[in-house]
Structures are given as C-alpha cells and as structure tokens.
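Trainee: What follows is coords.cif, mmCIF, C-alpha atoms and all ligand atoms.
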```cif
data_data
loop_
_atom_site.label_atom_id
_atom_site.label_comp_id
_atom_site.auth_asym_id
_atom_site.auth_seq_id
_atom_site.Cartn_x
_atom_site.Cartn_y
_atom_site.Cartn_z
CA MET A 19 166.67 -127.61 -1.58
CA THR A 20 163.74 -125.19 -1.28
CA PRO A 21 162.42 -124.10 -4.66
CA TYR A 22 162.94 -120.56 -5.95
CA ARG A 23 159.50 -118.94 -5.56
CA VAL A 24 158.12 -116.78 -8.37
CA GLN A 25 154.85 -114.85 -8.14
CA LEU A 26 153.31 -113.69 -11.43
CA VAL A 27 150.85 -110.83 -11.01
CA CYS A 28 148.28 -109.08 -13.23
CA LEU A 29 145.06 -107.18 -12.46
CA GLY A 30 142.34 -109.84 -12.38
CA ASN A 31 144.34 -113.12 -12.28
CA ILE A 32 142.13 -114.60 -14.99
CA CYS A 33 144.00 -113.68 -18.21
CA ARG A 34 147.67 -112.69 -18.29
CA SER A 35 149.19 -114.07 -15.09
CA PRO A 36 147.49 -117.49 -15.38
CA MET A 37 148.72 -117.63 -19.00
CA ALA A 38 152.23 -116.73 -17.84
CA GLU A 39 152.01 -119.37 -15.10
CA SER A 40 151.13 -122.03 -17.62
CA VAL A 41 153.82 -120.97 -20.10
CA LEU A 42 156.57 -120.68 -17.47
CA ARG A 43 155.68 -124.12 -16.04
CA ARG A 44 155.98 -125.78 -19.43
CA GLN A 45 159.23 -123.99 -20.22
CA ALA A 46 160.60 -124.95 -16.79
CA ASP A 47 159.60 -128.58 -17.42
CA ALA A 48 161.38 -128.55 -20.77
CA ALA A 49 164.51 -127.05 -19.18
CA GLY A 50 164.52 -129.59 -16.34
CA LEU A 51 163.96 -126.80 -13.78
CA ARG A 52 160.45 -127.61 -12.68
CA ARG A 53 161.43 -128.99 -9.28
CA GLN A 54 163.64 -126.02 -8.50
CA LEU A 55 160.81 -123.54 -9.11
CA ALA A 56 157.53 -122.80 -7.31
CA ILE A 57 155.39 -120.82 -9.78
CA ASP A 58 152.23 -119.06 -8.64
CA SER A 59 149.98 -116.26 -9.91
CA ALA A 60 147.65 -113.66 -8.38
CA GLY A 61 145.79 -110.44 -9.21
CA THR A 62 146.10 -107.02 -7.59
CA GLY A 63 142.28 -106.86 -7.71
CA GLY A 64 139.87 -109.21 -5.97
CA TRP A 65 136.85 -109.21 -8.34
CA HIS A 66 137.47 -112.67 -9.76
CA VAL A 67 138.67 -114.57 -6.68
CA GLY A 68 137.79 -118.25 -7.04
CA ASP A 69 137.01 -117.98 -10.78
CA PRO A 70 138.67 -120.16 -13.42
CA ALA A 71 140.80 -118.46 -16.07
CA ASP A 72 138.89 -116.40 -18.67
CA ARG A 73 137.43 -118.74 -21.33
CA ARG A 74 139.38 -116.93 -24.08
CA ALA A 75 142.63 -117.44 -22.17
CA ARG A 76 141.74 -121.12 -21.70
CA ALA A 77 140.91 -121.49 -25.39
CA VAL A 78 144.13 -119.95 -26.63
CA LEU A 79 146.22 -121.91 -24.11
CA SER A 80 144.65 -125.22 -25.02
CA GLN A 81 145.04 -124.53 -28.75
CA HIS A 82 148.75 -124.14 -28.10
CA GLY A 83 148.96 -127.27 -25.97
CA TYR A 84 149.25 -125.65 -22.55
CA ALA A 85 147.62 -127.13 -19.45
CA LEU A 86 145.97 -124.92 -16.84
CA ASP A 87 143.97 -125.70 -13.75
CA HIS A 88 143.26 -122.35 -12.16
CA ALA A 89 141.28 -120.60 -9.43
CA ALA A 90 141.92 -116.85 -9.25
CA LYS A 91 143.28 -115.28 -6.10
CA GLN A 92 144.21 -111.82 -4.94
CA PHE A 93 147.80 -110.84 -4.19
CA GLN A 94 148.37 -110.52 -0.45
CA PRO A 95 151.11 -108.26 1.02
CA ALA A 96 152.28 -111.24 3.11
CA MET A 97 153.36 -112.88 -0.16
CA PHE A 98 156.34 -110.50 -0.36
CA ALA A 99 158.01 -112.26 2.55
CA ASP A 100 157.24 -115.61 1.04
CA ARG A 101 158.46 -115.17 -2.54
CA ASP A 102 161.89 -114.69 -4.09
CA LEU A 103 160.65 -112.73 -7.08
CA VAL A 104 157.38 -110.91 -7.83
CA VAL A 105 156.77 -110.30 -11.54
CA ALA A 106 154.17 -107.79 -12.74
CA MET A 107 152.54 -107.89 -16.18
CA ASP A 108 152.31 -104.12 -16.67
CA ALA A 109 153.26 -100.75 -15.18
CA GLU A 110 149.92 -100.40 -13.38
CA ASN A 111 150.36 -103.78 -11.66
CA LEU A 112 153.94 -102.76 -10.75
CA ARG A 113 152.78 -99.48 -9.23
CA ASP A 114 149.98 -101.18 -7.28
CA LEU A 115 152.38 -103.83 -5.97
CA ARG A 116 154.99 -101.25 -4.94
CA ARG A 117 152.32 -99.45 -2.93
CA LEU A 118 151.83 -102.65 -0.95
CA THR A 119 155.51 -103.25 -0.22
CA PRO A 120 156.59 -102.96 3.40
CA ASP A 121 159.97 -101.30 2.59
CA LYS A 122 162.27 -100.06 -0.17
CA SER A 123 164.32 -103.25 -0.50
CA THR A 124 161.14 -105.30 -1.01
CA ALA A 125 159.95 -102.79 -3.62
CA GLY A 126 163.11 -103.61 -5.59
CA SER A 127 162.18 -107.28 -5.76
CA VAL A 128 159.16 -106.47 -7.94
CA ARG A 129 159.98 -106.57 -11.64
CA LEU A 130 158.15 -106.35 -14.95
CA LEU A 131 157.89 -109.55 -17.02
CA ARG A 132 159.02 -107.83 -20.20
CA GLU A 133 162.20 -106.55 -18.55
CA PHE A 134 163.44 -110.08 -19.21
CA GLU A 135 162.71 -109.87 -22.95
CA PRO A 136 165.84 -109.11 -24.98
CA ASP A 137 164.49 -106.25 -27.09
CA PRO A 138 160.95 -105.33 -25.98
CA ASP A 139 158.95 -102.77 -27.99
CA SER A 140 157.05 -101.99 -24.76
CA LEU A 141 157.48 -103.08 -21.14
CA ASP A 142 153.78 -103.93 -20.73
CA VAL A 143 151.96 -107.17 -21.46
CA PRO A 144 148.79 -105.45 -22.72
CA ASP A 145 145.52 -106.19 -20.95
CA PRO A 146 143.50 -108.38 -23.37
CA TYR A 147 140.28 -108.38 -21.31
CA TYR A 148 138.34 -106.03 -23.63
CA GLY A 149 139.90 -107.50 -26.75
CA GLY A 150 139.14 -110.55 -28.83
CA ARG A 151 140.86 -113.70 -29.94
CA GLU A 152 143.60 -111.82 -31.74
CA GLU A 153 144.58 -109.92 -28.58
CA PHE A 154 144.73 -113.16 -26.61
CA GLU A 155 146.90 -114.78 -29.29
CA GLY A 156 149.21 -111.74 -29.28
CA VAL A 157 149.42 -111.76 -25.49
CA LEU A 158 150.29 -115.46 -25.46
CA HIS A 159 153.11 -114.84 -27.93
CA THR A 160 154.42 -111.88 -25.90
CA ILE A 161 154.31 -113.99 -22.74
CA GLU A 162 156.15 -116.88 -24.42
CA VAL A 163 159.00 -114.63 -25.54
CA ALA A 164 159.26 -112.82 -22.21
CA CYS A 165 159.07 -116.04 -20.17
CA THR A 166 162.00 -117.46 -22.15
CA GLY A 167 164.04 -114.49 -20.90
CA LEU A 168 162.65 -114.84 -17.39
CA LEU A 169 163.57 -118.53 -17.31
CA GLY A 170 167.18 -117.63 -18.21
CA HIS A 171 167.22 -115.22 -15.27
CA LEU A 172 165.70 -117.85 -12.96
CA ASN A 173 168.26 -120.41 -14.09
CA ASP A 174 171.07 -118.00 -13.13
CA ALA A 175 169.37 -117.16 -9.81
CA ILE A 176 168.99 -120.84 -8.92
CA ARG A 177 172.60 -121.64 -9.81
CA SER A 178 174.03 -118.72 -7.86
CA ARG A 179 172.23 -119.58 -4.63
P1 LIG A 201 144.09 -109.86 -16.32
O1 LIG A 201 142.85 -109.26 -17.16
O2 LIG A 201 144.54 -108.77 -15.39
O3 LIG A 201 145.08 -110.17 -17.36
O4 LIG A 201 143.55 -111.07 -15.59
C1 LIG A 201 141.75 -108.65 -16.57
C2 LIG A 201 140.78 -109.41 -15.99
C3 LIG A 201 139.64 -108.82 -15.43
C4 LIG A 201 139.54 -107.44 -15.47
C5 LIG A 201 140.51 -106.67 -16.06
C6 LIG A 201 141.63 -107.27 -16.60
N1 LIG A 201 138.36 -106.82 -14.92
O5 LIG A 201 138.26 -105.60 -15.05
O6 LIG A 201 137.52 -107.52 -14.34
#
```
How does the structure come out when it is put into structure tokens?
Mentor:
Amino acid sequence: MTPYRVQLVCLGNICRSPMAESVLRRQADAAGLRRQLAIDSAGTGGWHVGDPADRRARAVLSQHGYALDHAAKQFQPAMFADRDLVVAMDAENLRDLRRLTPDKSTAGSVRLLREFEPDPDSLDVPDPYYGGREEFEGVLHTIEVACTGLLGHLNDAIRSR
C-alpha cells in the first residue's frame, strides 16, 4: 500500500518543521505506523535551502533523544498534487501556502498543526528563530503535544482509506 504522505511546512525549514518531522517520525515508529506514513518537511521561503537544521533546534532535539538528518528545502506548488496532507506551523505559513494552491479544494487540504491539539491556547507554533533556548524548548513541547493529535488523525485517515 502507498504510504499516506504528510508535508510539514514552516517559514525557513530549519527550526519548526524539521523538529515536527523528527517528532512525528518517532511517534509514528512508537505507534507502529512508520511504514504507512511518508513524512517530509519544507519551508515557504528559500533562504536556507541545503542548510542543516538550526543548531539550537538540533541541540534541543538531541537532548530529548530525537534523531534528525536534515537539508532544508523550499515548498514547491507541485507538492500539492503529491501529498495527502499539508500541515502549516502558523497562520502566516498557511496563508502563504493557500496563495500557492491551484484551486479551492486543494486549499482545503492545508491545515494548521495545532488544529490537531485538543485544547490549544493558540493555533500557531511560534517562530523561535529570534528566541533562545527556552523558546526552542517550548516549541518542542508544543510540537510534541500537537503531533500526538496529528498522529491520531493520521491513524484514522490511514484506516479509512
Ligand atoms: P522556521 O524558523 O520557519 O521555524 O524554520 C525560521 C528560520 C529562518 C528564518 C525565520 C524563521 N529566517 O528569517 O531566516
């Protein structure tokens, strides 16, 4: 069976979406869903294409036992046809992605990560780029909680195919 394809998207693809990629992979492994999912990440901007994840993102991930081997890439409109679900980290990413969608039905397949969180205090994963270690820790925690909800949704989507 072809895997269910999820695209995680932030602005630069060096902080939030690579962190979400790493977290979702580990959660999928733990749930026995890894082979049913193809998890990828990209940025709406192209400034960091080819770069590894931000060193603060790498540090916080490795302190929490997450693996990540990453080279940043930019989201391409052709990815819409090639993915089952596109997941934005914040409202700005969502707006930028919807501008790139070829039609209204595709626009509906773009969601916010924190929509999958049971009781979010905000729908944005805040951009930690100009923050410090504490912001990166907070973002990792937010991503872990939201990805747990996302994985539940993915599990349902896989089973109802
Ligand atoms: P990300 O964070 O979108 O979570 O990867 C950022 C990375 C780089 C920039 C902004 C946000 N930047 O302005 O270069």
Trainee: With the cut-off set at 10 Å and counting only C-alpha atoms and all ligand atoms, tabulate each residue of chain A with an atom at most that distance from an atom of ligand LIG 201 (chain A), showing the nearest atom pair and its distance in Å to one decimal, ordered by chain and increasing number, as a tab-separated table.
Mentor:
```
residue	atom	partner	partner_atom	distance
A:Val27	CA	A:LIG201	O2	8.0
A:Cys28	CA	A:LIG201	O2	4.3
A:Leu29	CA	A:LIG201	O2	3.4
A:Gly30	CA	A:LIG201	O4	3.6
A:Asn31	CA	A:LIG201	O4	4.0
A:Ile32	CA	A:LIG201	O4	3.9
A:Cys33	CA	A:LIG201	O4	3.7
A:Arg34	CA	A:LIG201	O3	3.7
A:Ser35	CA	A:LIG201	O3	6.1
A:Pro36	CA	A:LIG201	O4	7.5
A:Met37	CA	A:LIG201	O3	8.5
A:Ala38	CA	A:LIG201	O3	9.7
A:Ala60	CA	A:LIG201	O4	8.7
A:Gly61	CA	A:LIG201	O2	6.5
A:Thr62	CA	A:LIG201	O2	8.1
A:Gly63	CA	A:LIG201	O6	8.2
A:Gly64	CA	A:LIG201	O6	8.9
A:Trp65	CA	A:LIG201	O6	6.3
A:His66	CA	A:LIG201	O6	6.9
A:Ala71	CA	A:LIG201	O4	7.9
A:Asp72	CA	A:LIG201	O4	7.7
A:Ala75	CA	A:LIG201	O3	9.1
A:Ala90	CA	A:LIG201	O4	8.7
A:Met107	CA	A:LIG201	O3	7.9
A:Asp108	CA	A:LIG201	O2	9.1
A:Asn111	CA	A:LIG201	O2	8.5
A:Val143	CA	A:LIG201	O3	8.6
A:Pro144	CA	A:LIG201	O3	8.0
A:Asp145	CA	A:LIG201	O3	5.4
A:Pro146	CA	A:LIG201	O1	6.3
A:Tyr147	CA	A:LIG201	O1	5.0
A:Tyr148	CA	A:LIG201	C6	7.9
A:Phe154	CA	A:LIG201	O3	9.7
A:Val157	CA	A:LIG201	O3	9.4
```
Trainee: Which residue is closest to His82 (chain A)? Choose from A:Ser178, A:Ser40, A:Gln25, A:Ser127 and count all atoms listed in the file.
Mentor: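 Between A:Ser178, A:Ser40, A:Gln25, A:Ser127, the residue approaching His82 (chain A) most closely is A:Ser40.
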Trainee: From the options A:Pro136, A:Val105, A:Gly150, A:Leu158, which residue's atoms come nearest to Ser80 (chain A), counting only C-alpha atoms?
Mentor: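 Of A:Pro136, A:Val105, A:Gly150, A:Leu158, the one nearest Ser80 (chain A), counting only C-alpha atoms, is A:Leu158.
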Trainee: Could you state the separation of CA of Arg52 (chain A) and CA of Val104 (chain A) in Å, given to one decimal place?
Mentor: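 So the two atoms, CA of Arg52 (chain A) and CA of Val104 (chain A), lie 17.7 Å apart.
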Trainee: From the options A:Ser123, A:Gln45, A:Gln81, A:Thr20, which residue's atoms come nearest to Ala99 (chain A), counting all atoms listed in the file?
Mentor: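 Closest residue, counting all atoms listed in the file: A:Ser123.
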Trainee: Of the candidates A:Val67, A:Met19, A:Val128, A:Leu79, which one gets nearest to Glu39 (chain A) if we count all atoms listed in the file?
Mentor: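 Checking each of A:Val67, A:Met19, A:Val128, A:Leu79 against Glu39 (chain A), counting all atoms listed in the file, the winner is A:Leu79.
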Trainee: When distances are computed from only C-alpha atoms, which of A:Val163, A:Ala56, A:Ala85, A:Ala46 shows the smallest separation from Leu103 (chain A)?
Mentor: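 Of the candidates, the smallest distance to Leu103 (chain A) is held by A:Ala56.
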Trainee: Could you jot down the CA of Pro70 (chain A) to CA of Phe98 (chain A) separation for me, Å, one decimal place?
Mentor: 24.0 Å
Trainee: Please measure the separation of CA of Lys91 (chain A) and CA of Ser59 (chain A), giving the value in Å to one decimal.
Mentor: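 Distance between the two atoms: 7.8 Å.
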Trainee: Taking only C-alpha atoms into account, which of A:Met97, A:Leu26, A:Val78, A:Leu42 comes nearest Asp58 (chain A)?
Mentor: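 Smallest distance to Asp58 (chain A) is found for A:Leu26.
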Trainee: Where atoms are absent from region 58-82 of chain A, fill them in so it carries N, CA, C and O atoms, then output it as a PDB file, in the frame of the given file.
Mentor:
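Everything below was put into part-v3.pdb:
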```pdb
ATOM      1  N   ASP A  58     153.582-119.367  -9.093  1.00  0.00           N
ATOM      2  CA  ASP A  58     152.230-119.060  -8.640  1.00  0.00           C
ATOM      3  C   ASP A  58     151.778-117.782  -9.345  1.00  0.00           C
ATOM      4  O   ASP A  58     152.602-117.029  -9.862  1.00  0.00           O
ATOM      5  N   SER A  59     150.458-117.523  -9.353  1.00  0.00           N
ATOM      6  CA  SER A  59     149.980-116.260  -9.910  1.00  0.00           C
ATOM      7  C   SER A  59     148.878-115.682  -9.027  1.00  0.00           C
ATOM      8  O   SER A  59     148.251-116.396  -8.240  1.00  0.00           O
ATOM      9  N   ALA A  60     148.670-114.356  -9.161  1.00  0.00           N
ATOM     10  CA  ALA A  60     147.650-113.660  -8.380  1.00  0.00           C
ATOM     11  C   ALA A  60     147.301-112.355  -9.095  1.00  0.00           C
ATOM     12  O   ALA A  60     148.009-111.936 -10.010  1.00  0.00           O
ATOM     13  N   GLY A  61     146.195-111.734  -8.653  1.00  0.00           N
ATOM     14  CA  GLY A  61     145.790-110.440  -9.210  1.00  0.00           C
ATOM     15  C   GLY A  61     145.869-109.361  -8.147  1.00  0.00           C
ATOM     16  O   GLY A  61     145.685-109.649  -6.962  1.00  0.00           O
ATOM     17  N   THR A  62     146.128-108.116  -8.568  1.00  0.00           N
ATOM     18  CA  THR A  62     146.100-107.020  -7.590  1.00  0.00           C
ATOM     19  C   THR A  62     144.659-106.744  -7.153  1.00  0.00           C
ATOM     20  O   THR A  62     144.421-106.279  -6.052  1.00  0.00           O
ATOM     21  N   GLY A  63     143.689-107.050  -8.032  1.00  0.00           N
ATOM     22  CA  GLY A  63     142.280-106.860  -7.710  1.00  0.00           C
ATOM     23  C   GLY A  63     141.630-108.161  -7.242  1.00  0.00           C
ATOM     24  O   GLY A  63     142.148-109.244  -7.520  1.00  0.00           O
ATOM     25  N   GLY A  64     140.499-108.021  -6.542  1.00  0.00           N
ATOM     26  CA  GLY A  64     139.870-109.210  -5.970  1.00  0.00           C
ATOM     27  C   GLY A  64     138.542-109.614  -6.612  1.00  0.00           C
ATOM     28  O   GLY A  64     137.875-110.511  -6.115  1.00  0.00           O
ATOM     29  N   TRP A  65     138.182-108.980  -7.748  1.00  0.00           N
ATOM     30  CA  TRP A  65     136.850-109.210  -8.340  1.00  0.00           C
ATOM     31  C   TRP A  65     136.621-110.642  -8.780  1.00  0.00           C
ATOM     32  O   TRP A  65     135.488-111.104  -8.837  1.00  0.00           O
ATOM     33  N   HIS A  66     137.671-111.345  -9.159  1.00  0.00           N
ATOM     34  CA  HIS A  66     137.470-112.670  -9.760  1.00  0.00           C
ATOM     35  C   HIS A  66     137.940-113.822  -8.870  1.00  0.00           C
ATOM     36  O   HIS A  66     138.096-114.950  -9.349  1.00  0.00           O
ATOM     37  N   VAL A  67     138.156-113.533  -7.588  1.00  0.00           N
ATOM     38  CA  VAL A  67     138.670-114.570  -6.680  1.00  0.00           C
ATOM     39  C   VAL A  67     137.816-115.837  -6.759  1.00  0.00           C
ATOM     40  O   VAL A  67     136.584-115.775  -6.705  1.00  0.00           O
ATOM     41  N   GLY A  68     138.479-116.960  -6.956  1.00  0.00           N
ATOM     42  CA  GLY A  68     137.790-118.250  -7.040  1.00  0.00           C
ATOM     43  C   GLY A  68     137.367-118.643  -8.455  1.00  0.00           C
ATOM     44  O   GLY A  68     137.016-119.796  -8.703  1.00  0.00           O
ATOM     45  N   ASP A  69     137.437-117.686  -9.400  1.00  0.00           N
ATOM     46  CA  ASP A  69     137.010-117.980 -10.780  1.00  0.00           C
ATOM     47  C   ASP A  69     138.095-118.769 -11.535  1.00  0.00           C
ATOM     48  O   ASP A  69     139.283-118.612 -11.264  1.00  0.00           O
ATOM     49  N   PRO A  70     137.675-119.561 -12.521  1.00  0.00           N
ATOM     50  CA  PRO A  70     138.670-120.160 -13.420  1.00  0.00           C
ATOM     51  C   PRO A  70     139.247-119.077 -14.328  1.00  0.00           C
ATOM     52  O   PRO A  70     138.752-117.948 -14.335  1.00  0.00           O
ATOM     53  N   ALA A  71     140.262-119.415 -15.097  1.00  0.00           N
ATOM     54  CA  ALA A  71     140.800-118.460 -16.070  1.00  0.00           C
ATOM     55  C   ALA A  71     139.708-118.090 -17.070  1.00  0.00           C
ATOM     56  O   ALA A  71     138.784-118.876 -17.334  1.00  0.00           O
ATOM     57  N   ASP A  72     139.804-116.891 -17.627  1.00  0.00           N
ATOM     58  CA  ASP A  72     138.890-116.400 -18.670  1.00  0.00           C
ATOM     59  C   ASP A  72     138.794-117.447 -19.794  1.00  0.00           C
ATOM     60  O   ASP A  72     139.810-118.041 -20.176  1.00  0.00           O
ATOM     61  N   ARG A  73     137.593-117.653 -20.323  1.00  0.00           N
ATOM     62  CA  ARG A  73     137.430-118.740 -21.330  1.00  0.00           C
ATOM     63  C   ARG A  73     138.277-118.490 -22.573  1.00  0.00           C
ATOM     64  O   ARG A  73     138.749-119.413 -23.218  1.00  0.00           O
ATOM     65  N   ARG A  74     138.545-117.213 -22.900  1.00  0.00           N
ATOM     66  CA  ARG A  74     139.380-116.930 -24.080  1.00  0.00           C
ATOM     67  C   ARG A  74     140.841-117.275 -23.794  1.00  0.00           C
ATOM     68  O   ARG A  74     141.550-117.770 -24.662  1.00  0.00           O
ATOM     69  N   ALA A  75     141.262-117.045 -22.555  1.00  0.00           N
ATOM     70  CA  ALA A  75     142.630-117.440 -22.170  1.00  0.00           C
ATOM     71  C   ALA A  75     142.740-118.957 -22.212  1.00  0.00           C
ATOM     72  O   ALA A  75     143.726-119.513 -22.717  1.00  0.00           O
ATOM     73  N   ARG A  76     141.706-119.645 -21.705  1.00  0.00           N
ATOM     74  CA  ARG A  76     141.740-121.120 -21.700  1.00  0.00           C
ATOM     75  C   ARG A  76     141.768-121.646 -23.129  1.00  0.00           C
ATOM     76  O   ARG A  76     142.483-122.595 -23.441  1.00  0.00           O
ATOM     77  N   ALA A  77     140.976-121.020 -23.999  1.00  0.00           N
ATOM     78  CA  ALA A  77     140.910-121.490 -25.390  1.00  0.00           C
ATOM     79  C   ALA A  77     142.266-121.344 -26.077  1.00  0.00           C
ATOM     80  O   ALA A  77     142.759-122.282 -26.714  1.00  0.00           O
ATOM     81  N   VAL A  78     142.866-120.184 -25.931  1.00  0.00           N
ATOM     82  CA  VAL A  78     144.130-119.950 -26.630  1.00  0.00           C
ATOM     83  C   VAL A  78     145.239-120.841 -26.037  1.00  0.00           C
ATOM     84  O   VAL A  78     146.082-121.378 -26.769  1.00  0.00           O
ATOM     85  N   LEU A  79     145.220-121.033 -24.730  1.00  0.00           N
ATOM     86  CA  LEU A  79     146.220-121.910 -24.110  1.00  0.00           C
ATOM     87  C   LEU A  79     146.052-123.339 -24.617  1.00  0.00           C
ATOM     88  O   LEU A  79     147.023-123.991 -25.011  1.00  0.00           O
ATOM     89  N   SER A  80     144.819-123.814 -24.634  1.00  0.00           N
ATOM     90  CA  SER A  80     144.650-125.220 -25.020  1.00  0.00           C
ATOM     91  C   SER A  80     144.962-125.424 -26.502  1.00  0.00           C
ATOM     92  O   SER A  80     145.528-126.442 -26.880  1.00  0.00           O
ATOM     93  N   GLN A  81     144.665-124.410 -27.341  1.00  0.00           N
ATOM     94  CA  GLN A  81     145.040-124.530 -28.750  1.00  0.00           C
ATOM     95  C   GLN A  81     146.556-124.636 -28.943  1.00  0.00           C
ATOM     96  O   GLN A  81     147.027-125.165 -29.938  1.00  0.00           O
ATOM     97  N   HIS A  82     147.286-124.076 -27.998  1.00  0.00           N
ATOM     98  CA  HIS A  82     148.750-124.140 -28.100  1.00  0.00           C
ATOM     99  C   HIS A  82     149.336-125.225 -27.198  1.00  0.00           C
ATOM    100  O   HIS A  82     150.546-125.248 -26.956  1.00  0.00           O
TER     101      HIS A  82
END
```
